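Raw structure-v6.txt, compact mmCIF, C-alpha atoms:
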# COMPACT_ATOMS: atom_id res chain seq x y z
CA MET A 1327 -118.37 8.93 -94.10
CA LYS A 1328 -115.63 6.32 -93.87
CA ALA A 1329 -112.22 6.30 -95.52
CA ASN A 1330 -109.76 3.53 -96.27
CA LEU A 1331 -106.11 4.07 -97.23
CA ARG A 1332 -103.99 1.29 -98.72
CA GLY A 1333 -100.36 0.93 -99.67
CA LYS A 1334 -98.52 -1.87 -101.45
CA TYR A 1335 -94.82 -2.55 -102.03
CA GLY A 1336 -93.35 -5.45 -103.97
CA THR A 1337 -89.82 -6.48 -104.89
CA HIS A 1338 -90.93 -7.40 -108.43
CA GLU A 1339 -93.53 -4.68 -109.04
CA ALA A 1340 -94.05 -0.96 -108.62
CA SER A 1341 -95.28 0.42 -105.31
CA THR A 1342 -98.89 1.62 -105.31
CA ALA A 1343 -101.26 3.54 -103.06
CA ALA A 1344 -105.05 3.81 -103.07
CA ALA A 1345 -107.89 5.41 -101.13
CA THR A 1346 -111.61 4.69 -100.86
CA LEU A 1347 -114.36 6.95 -99.51
CA ALA A 1348 -117.72 5.42 -98.53
CA VAL A 1349 -121.02 7.11 -97.69
CA ASN A 1350 -124.12 5.32 -96.39
CA VAL A 1351 -127.27 5.90 -98.46
CA GLY A 1352 -130.02 4.20 -96.48
CA ASP A 1353 -129.09 0.53 -96.34
CA CYS A 1354 -126.76 0.96 -99.34
CA LYS A 1355 -123.27 2.39 -99.76
CA LEU A 1356 -121.79 4.74 -102.34
CA LYS A 1357 -118.02 4.43 -102.77
CA ALA A 1358 -115.35 6.28 -104.71
CA SER A 1359 -111.87 4.79 -105.14
CA LEU A 1360 -108.68 6.57 -106.23
CA THR A 1361 -105.13 5.37 -106.81
CA ASP A 1362 -101.78 7.12 -106.99
CA ALA A 1363 -102.22 7.11 -110.79
CA THR A 1364 -105.09 9.58 -110.31
CA PHE A 1365 -102.67 12.23 -109.05
CA THR A 1366 -99.72 11.47 -111.31
CA LYS A 1367 -101.15 13.79 -113.93
CA ALA A 1368 -103.33 16.76 -113.04
CA GLY A 1369 -106.96 16.22 -113.96
CA SER A 1370 -106.38 12.52 -114.66
CA LEU A 1371 -109.18 10.02 -114.09
CA ASN A 1372 -106.83 7.04 -114.07
CA GLY A 1373 -107.67 4.68 -111.24
CA VAL A 1374 -111.06 6.28 -110.48
CA VAL A 1375 -113.79 3.72 -109.73
CA PHE A 1376 -117.29 4.37 -108.40
CA ALA A 1377 -119.36 1.68 -106.69
CA PHE A 1378 -122.92 1.39 -105.45
CA GLU A 1379 -123.64 -1.56 -103.22
CA LYS A 1380 -126.11 -3.12 -100.87
CA PRO A 1381 -124.15 -5.46 -98.59
CA GLY A 1382 -125.09 -9.07 -99.18
CA ALA A 1383 -127.25 -8.23 -102.22
CA PHE A 1384 -125.39 -6.46 -105.04
CA ILE A 1385 -122.37 -4.38 -106.04
CA ILE A 1386 -122.19 -2.27 -109.21
CA ASN A 1387 -118.72 -0.93 -110.12
CA TYR A 1388 -117.98 1.67 -112.77
CA ASP A 1389 -114.37 2.08 -113.88
CA VAL A 1390 -114.19 5.64 -115.25
CA PRO A 1391 -111.05 5.54 -117.47
CA LYS A 1392 -111.94 2.13 -118.92
CA ASN A 1393 -115.66 2.97 -119.24
CA ASP A 1394 -116.29 -0.49 -117.85
CA VAL A 1395 -119.12 -1.75 -115.64
CA ARG A 1396 -119.06 -4.81 -113.40
CA PHE A 1397 -122.25 -6.24 -111.94
CA HIS A 1398 -122.11 -8.50 -108.90
CA PHE A 1399 -125.27 -10.00 -107.43
CA MET A 1400 -125.47 -12.20 -104.32
CA ASN A 1401 -128.18 -14.28 -102.75
CA THR A 1402 -128.59 -17.07 -100.20
CA VAL A 1403 -131.02 -19.97 -100.41
CA ARG A 1404 -131.42 -22.84 -97.99
CA ILE A 1405 -131.20 -26.54 -98.83
CA ALA A 1406 -132.13 -28.93 -96.02
CA GLU A 1407 -131.90 -25.94 -93.66
CA LYS A 1408 -128.31 -25.29 -94.74
CA PRO A 1409 -127.25 -22.08 -96.56
CA LEU A 1410 -126.18 -22.07 -100.19
CA ASN A 1411 -124.51 -18.74 -101.01
CA LEU A 1412 -124.82 -17.83 -104.69
CA SER A 1413 -122.93 -15.16 -106.62
CA TYR A 1414 -123.29 -13.87 -110.18
CA MET A 1415 -120.68 -11.51 -111.66
CA HIS A 1416 -120.57 -9.99 -115.14
CA MET A 1417 -117.79 -7.80 -116.59
CA LYS A 1418 -119.04 -5.74 -119.54
CA ASN A 1419 -115.82 -4.97 -121.44
CA ALA A 1420 -114.43 -8.47 -121.07
CA ASN A 1421 -117.90 -9.94 -121.75
CA ARG A 1422 -117.20 -12.47 -119.02
CA THR A 1423 -119.68 -13.97 -116.57
CA VAL A 1424 -118.69 -15.92 -113.46
CA VAL A 1425 -121.11 -17.91 -111.32
CA ASP A 1426 -120.05 -19.01 -107.81
CA GLY A 1427 -121.74 -21.14 -105.18
CA THR A 1428 -120.77 -22.09 -101.63
CA PHE A 1429 -122.67 -24.72 -99.66
CA VAL A 1430 -122.09 -24.45 -95.91
CA VAL A 1431 -122.48 -27.99 -94.56
CA ASP A 1432 -121.71 -26.90 -91.00
CA SER A 1433 -119.34 -24.58 -89.14
CA ALA A 1434 -116.37 -26.76 -90.13
CA ASN A 1435 -117.15 -27.86 -93.69
CA LYS A 1436 -117.81 -25.92 -96.91
CA LEU A 1437 -118.08 -26.93 -100.55
CA SER A 1438 -117.54 -24.30 -103.27
CA ALA A 1439 -117.69 -24.14 -107.04
CA SER A 1440 -116.80 -21.39 -109.53
CA TYR A 1441 -117.65 -21.49 -113.24
CA THR A 1442 -116.86 -19.01 -116.01
CA VAL A 1443 -119.84 -19.21 -118.37
CA GLY A 1444 -119.03 -20.28 -121.93
CA THR A 1445 -115.55 -21.56 -121.08
CA PRO A 1446 -114.07 -24.80 -119.71
CA SER A 1447 -112.92 -22.88 -116.60
CA CYS A 1448 -114.46 -24.52 -113.54
CA LYS A 1449 -112.99 -24.85 -110.04
CA LEU A 1450 -114.16 -26.96 -107.11
CA LYS A 1451 -113.02 -26.38 -103.53
CA TYR A 1452 -113.45 -28.08 -100.16
CA THR A 1453 -112.73 -26.17 -96.95
CA TYR A 1454 -112.37 -27.70 -93.49
CA VAL A 1455 -111.93 -25.69 -90.29
CA LEU A 1456 -110.38 -27.51 -87.33
CA ARG A 1457 -111.43 -26.20 -83.91
CA GLY A 1458 -111.98 -22.73 -85.35
CA LEU A 1459 -108.22 -22.12 -85.61
CA THR A 1460 -106.76 -24.12 -88.51
CA THR A 1461 -108.24 -24.06 -92.02
CA PHE A 1462 -107.46 -26.62 -94.74
CA GLU A 1463 -108.38 -25.84 -98.36
CA GLN A 1464 -108.01 -28.04 -101.40
CA SER A 1465 -109.27 -27.04 -104.82
CA TYR A 1466 -109.31 -28.68 -108.22
CA ASP A 1467 -109.22 -26.83 -111.55
CA LEU A 1468 -111.11 -28.94 -114.08
CA ASP A 1469 -109.73 -26.94 -117.02
CA LYS A 1470 -106.08 -27.36 -115.99
CA SER A 1471 -106.56 -30.75 -114.29
CA ALA A 1472 -104.56 -29.37 -111.38
CA TRP A 1473 -104.83 -29.22 -107.59
CA ASP A 1474 -104.17 -26.25 -105.30
CA PHE A 1475 -103.65 -26.58 -101.56
CA ALA A 1476 -103.70 -24.11 -98.68
CA ILE A 1477 -103.45 -24.27 -94.91
CA SER A 1478 -103.89 -21.34 -92.55
CA ARG A 1479 -103.61 -20.98 -88.80
CA LYS A 1480 -105.07 -18.25 -86.63
CA VAL A 1481 -102.45 -16.95 -84.20
CA TYR A 1482 -103.58 -14.90 -81.23
CA ASP A 1483 -106.67 -12.81 -82.05
CA ASP A 1484 -105.61 -10.73 -85.06
CA ASP A 1485 -102.93 -12.73 -86.88
CA VAL A 1486 -103.23 -15.45 -89.52
CA LEU A 1487 -100.37 -17.45 -91.08
CA ARG A 1488 -101.14 -19.09 -94.44
CA ALA A 1489 -99.21 -21.40 -96.76
CA THR A 1490 -100.26 -22.23 -100.33
CA TYR A 1491 -99.07 -24.44 -103.16
CA GLN A 1492 -100.29 -24.36 -106.78
CA THR A 1493 -99.44 -27.57 -108.58
CA SER A 1494 -100.02 -26.16 -112.10
CA SER A 1495 -97.51 -23.32 -111.69
CA GLN A 1496 -95.43 -24.93 -108.91
CA VAL A 1497 -95.65 -21.71 -106.89
CA LEU A 1498 -95.19 -22.02 -103.13
CA GLY A 1499 -96.47 -19.12 -101.04
CA LEU A 1500 -96.42 -18.01 -97.42
CA ASP A 1501 -98.13 -14.95 -95.98
CA TRP A 1502 -98.78 -13.31 -92.62
CA THR A 1503 -101.92 -11.20 -92.22
CA ARG A 1504 -103.00 -9.01 -89.32
CA SER A 1505 -106.46 -7.43 -89.01
CA SER A 1506 -106.65 -4.95 -86.16
CA LYS A 1507 -109.17 -2.17 -85.57
CA LEU A 1508 -106.62 -0.39 -83.39
CA ASN A 1509 -103.39 -0.75 -85.40
CA GLY A 1510 -104.73 -1.17 -88.93
CA ASN A 1511 -104.28 -4.13 -91.26
CA PHE A 1512 -101.22 -5.48 -92.99
CA LYS A 1513 -100.12 -8.44 -95.07
CA ILE A 1514 -96.62 -9.67 -95.80
CA ALA A 1515 -96.41 -12.33 -98.52
CA ALA A 1516 -93.54 -14.31 -100.01
CA SER A 1517 -93.71 -16.69 -102.97
CA VAL A 1518 -91.27 -18.72 -105.00
CA ASN A 1519 -91.64 -20.60 -108.29
CA LEU A 1520 -90.12 -24.02 -107.71
CA SER A 1521 -89.97 -24.71 -111.46
CA GLU A 1522 -87.46 -21.89 -112.04
CA GLU A 1523 -83.76 -22.68 -112.07
CA GLN A 1524 -83.00 -19.61 -109.98
CA LYS A 1525 -85.60 -19.70 -107.24
CA LYS A 1526 -85.78 -16.02 -106.34
CA PRO A 1527 -88.55 -15.26 -103.82
CA LYS A 1528 -91.02 -12.47 -104.49
CA LEU A 1529 -91.95 -10.31 -101.52
CA ILE A 1530 -95.05 -8.12 -101.18
CA ALA A 1531 -96.06 -5.92 -98.24
CA GLU A 1532 -99.53 -4.38 -98.00
CA THR A 1533 -101.04 -2.17 -95.32
CA SER A 1534 -104.37 -0.40 -94.86
CA TRP A 1535 -106.10 1.90 -92.37
CA ASN A 1536 -109.77 2.66 -91.81
CA PHE A 1537 -110.99 6.06 -90.62
CA ASP A 1538 -114.30 7.64 -89.68
CA ILE A 1539 -114.26 11.13 -91.22
CA PHE A 1540 -117.76 12.18 -90.18
CA GLN A 1541 -119.90 10.47 -87.57
Encoded form (structure tokens):
Amino acid sequence: MKANLRGKYGTHEASTAAATLAVNVGDCKLKASLTDATFTKAGSLNGVVFAFEKPGAFIINYDVPKNDVRFHFMNTVRIAEKPLNLSYMHMKNANRTVVDGTFVVDSANKLSASYTVGTPSCKLKYTYVLRGLTTFEQSYDLDKSAWDFAISRKVYDDDVLRATYQTSSQVLGLDWTRSSKLNGNFKIAASVNLSEEQKKPKLIAETSWNFDIFQ
């Protein structure tokens, strides 16, 4: 059994904590997730989510307090010997279906598309990786007629610095992420809305740890 603990603190939002327990069932996984809201009131089921997944094939989530089910199916096909990763996601309560596709041209170039069925929401994205260290992303939202840009740089072995800009909302973001098996994972993010008269930055800090409870 494996466990994951997560904490989040933000200057413009309440602090939260969450935990996930995962058990292998053959080549599948059974997960149970809890949040701090689960323990705020004795016997509460707030924040309780169960998931059954087969990595790379499907994930089925059941949100207990909302009585909501989310289905997520994944598959990979090959076109001209190159992988096309497909994803289908349906949210029952929201009655929303999202279809994603990512075509991996080579180790440096990827083309992605995301479409919400029955709506004008469609996003296209191109990703380019330079020498395995620097990643450039540019995406276009057909519904909003707006571009988003991102650039990230791998620093040392565990650290990634990333800057983003959303033209539709004029939000500029910068975050620092570390993924370490020894010291856990953390993310520190700052963002500012350039359209606001008083440009007050928002800060968010997240951290998580993974544990093996039973071998």
task = Considering only C-alpha atoms, return as a PyMOL selection string whatever protein or nucleic-acid residues lie within 12 Å of Leu1371 in chain A, sequence-local ones (same chain, fewer than 5 positions apart) excluded.
result = chain A and resi 1358-1366+1376+1389-1393
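Look at Ile1530 in chain A: the protein and nucleic acid residues within 7 Å of it, using all atoms listed in the file and passing over chain neighbours fewer than 3 places away, are Tyr1335, Gly1336, Thr1337, Ile1514, Ala1515 and Ala1516 of chain A.
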task = Can you work out the spacing between CA of Val1403 in chain A and CA of Ala1476 in chain A in Å, to one decimal?
result = 27.7 Å
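A distance cut-off of 12 Å around (-104.3, -11.3, -80.8), counting all atoms listed in the file, selects these protein and nucleic acid residues: A:Lys1480, A:Val1481, A:Tyr1482, A:Asp1483, A:Asp1484, A:Asp1485, A:Val1486, A:Thr1503, A:Arg1504, A:Ser1505, A:Ser1506, A:Lys1507, A:Leu1508, A:Asn1509.
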Selection export as an mmCIF file, keeping the file's coordinate frame, atoms kept: C-alpha atoms:
data_model
loop_
_atom_site.group_PDB
_atom_site.id
_atom_site.type_symbol
_atom_site.label_atom_id
_atom_site.label_comp_id
_atom_site.auth_asym_id
_atom_site.auth_seq_id
_atom_site.Cartn_x
_atom_site.Cartn_y
_atom_site.Cartn_z
ATOM 1 C CA LYS A 1480 -105.070 -18.250 -86.630
ATOM 2 C CA VAL A 1481 -102.450 -16.950 -84.200
ATOM 3 C CA TYR A 1482 -103.580 -14.900 -81.230
ATOM 4 C CA ASP A 1483 -106.670 -12.810 -82.050
ATOM 5 C CA ASP A 1484 -105.610 -10.730 -85.060
ATOM 6 C CA ASP A 1485 -102.930 -12.730 -86.880
ATOM 7 C CA VAL A 1486 -103.230 -15.450 -89.520
ATOM 8 C CA THR A 1503 -101.920 -11.200 -92.220
ATOM 9 C CA ARG A 1504 -103.000 -9.010 -89.320
ATOM 10 C CA SER A 1505 -106.460 -7.430 -89.010
ATOM 11 C CA SER A 1506 -106.650 -4.950 -86.160
ATOM 12 C CA LYS A 1507 -109.170 -2.170 -85.570
ATOM 13 C CA LEU A 1508 -106.620 -0.390 -83.390
ATOM 14 C CA ASN A 1509 -103.390 -0.750 -85.400
#
key: Given only C-alpha atoms as the counted atoms, nearest of A:Val1375, A:Ala1344, A:Leu1520, A:Ile1477 to Lys1357 in chain A   = A:Val1375
message = Residues near Leu1468 in chain A, anyone? I mean within 10 Å using only C-alpha atoms, not counting same-chain ones fewer than 6 positions away, as a list in words.
response =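 That gives Tyr1441, Pro1446, Ser1447, Cys1448, Lys1449 and Leu1450 of chain A.
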Contacts between range 1413-1423 of chain A and range 1427-1457 of chain A, please, where a residue of range 1427-1457 of chain A counts if it comes within 9 Å (with only C-alpha atoms); show its shortest atom pair and distance in Å to one decimal, rows by chain and ascending number, as CSV.
residue,atom,partner,partner_atom,distance
A:Gly1427,CA,A:Ser1413,CA,6.3
A:Thr1428,CA,A:Ser1413,CA,8.8
A:Tyr1441,CA,A:Thr1423,CA,8.5
A:Thr1442,CA,A:Thr1423,CA,5.8
A:Val1443,CA,A:Thr1423,CA,5.5
A:Gly1444,CA,A:Thr1423,CA,8.3
Since we have the selection now, will you write its residues out, keeping C-alpha atoms, as a PDB file, in the coordinates of the input?
ATOM      1  CA  GLY A1427    -121.740 -21.140-105.180  1.00  0.00           C
ATOM      2  CA  THR A1428    -120.770 -22.090-101.630  1.00  0.00           C
ATOM      3  CA  TYR A1441    -117.650 -21.490-113.240  1.00  0.00           C
ATOM      4  CA  THR A1442    -116.860 -19.010-116.010  1.00  0.00           C
ATOM      5  CA  VAL A1443    -119.840 -19.210-118.370  1.00  0.00           C
ATOM      6  CA  GLY A1444    -119.030 -20.280-121.930  1.00  0.00           C
TER       7      GLY A1444
END
message = Between A:Ile1405, A:Leu1331, A:Ala1343, A:Leu1412, which residue has the minimum interatomic distance to Val1431 in chain A, considering only C-alpha atoms?
response =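 Of A:Ile1405, A:Leu1331, A:Ala1343, A:Leu1412, the one nearest Val1431 in chain A, counting only C-alpha atoms, is A:Ile1405.
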query = Of the candidates A:Gly1333, A:Ser1440, A:His1338, A:Lys1470, which one gets nearest to Lys1528 in chain A if we count all atoms listed in the file?
reply =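 Of A:Gly1333, A:Ser1440, A:His1338, A:Lys1470, the one nearest Lys1528 in chain A, counting all atoms listed in the file, is A:His1338.
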key: Nearby residues (all atoms listed in the file) at most 8 Å from range 1487-1492 of chain A, same-chain spacing under 3 positions excluded, as a ChimeraX atom specification   = /A:1473-1481,1495-1503
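Atom pair CA of Ala1383 in chain A / CA of Thr1461 in chain A has a distance of 26.8 Å (rounded to one decimal).
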query = Hey, can you check how far CA of His1398 in chain A sits from CA of Ser1534 in chain A?
reply =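 So the answer is 24.0 Å.
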Size and centre in Å, one decimal, axis-aligned box, all listed range 1454-1468 of chain A atoms plus 6 Å per side, as JSON:
{"center_x": -109.6, "center_y": -25.5, "center_z": -99.0, "size_x": 17.6, "size_y": 18.8, "size_z": 42.2}
Proximity to Leu1356 in chain A - best of A:Ala1340, A:Ile1385, A:Leu1529, A:Val1425, all atoms listed in the file =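 Checking each of A:Ala1340, A:Ile1385, A:Leu1529, A:Val1425 against Leu1356 in chain A, counting all atoms listed in the file, the winner is A:Ile1385.
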ask   = Which polymer residues, protein or nucleic acid, are no farther than 10 Å from (-120.8, -25.4, -87.1), counting only C-alpha atoms, as number ranges by chain?
value = A: 1430-1435, 1455, 1457-1458
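Residues in contact with range 1451-1453 of chain A at 8 Å, where only C-alpha atoms are counted and same-chain residues fewer than 3 positions away are skipped, are listed as Ala1434, Asn1435, Lys1436, Leu1437, Ser1438, Ala1439, Thr1461, Phe1462, Glu1463, Gln1464, Ser1465 and Tyr1466 of chain A.
Of the residues under consideration (A:Ala1377, A:Ala1472, A:Leu1347, A:Met1327), A:Ala1377 shows the shortest atom-to-atom contact distance to Arg1396 in chain A when counting all atoms listed in the file.
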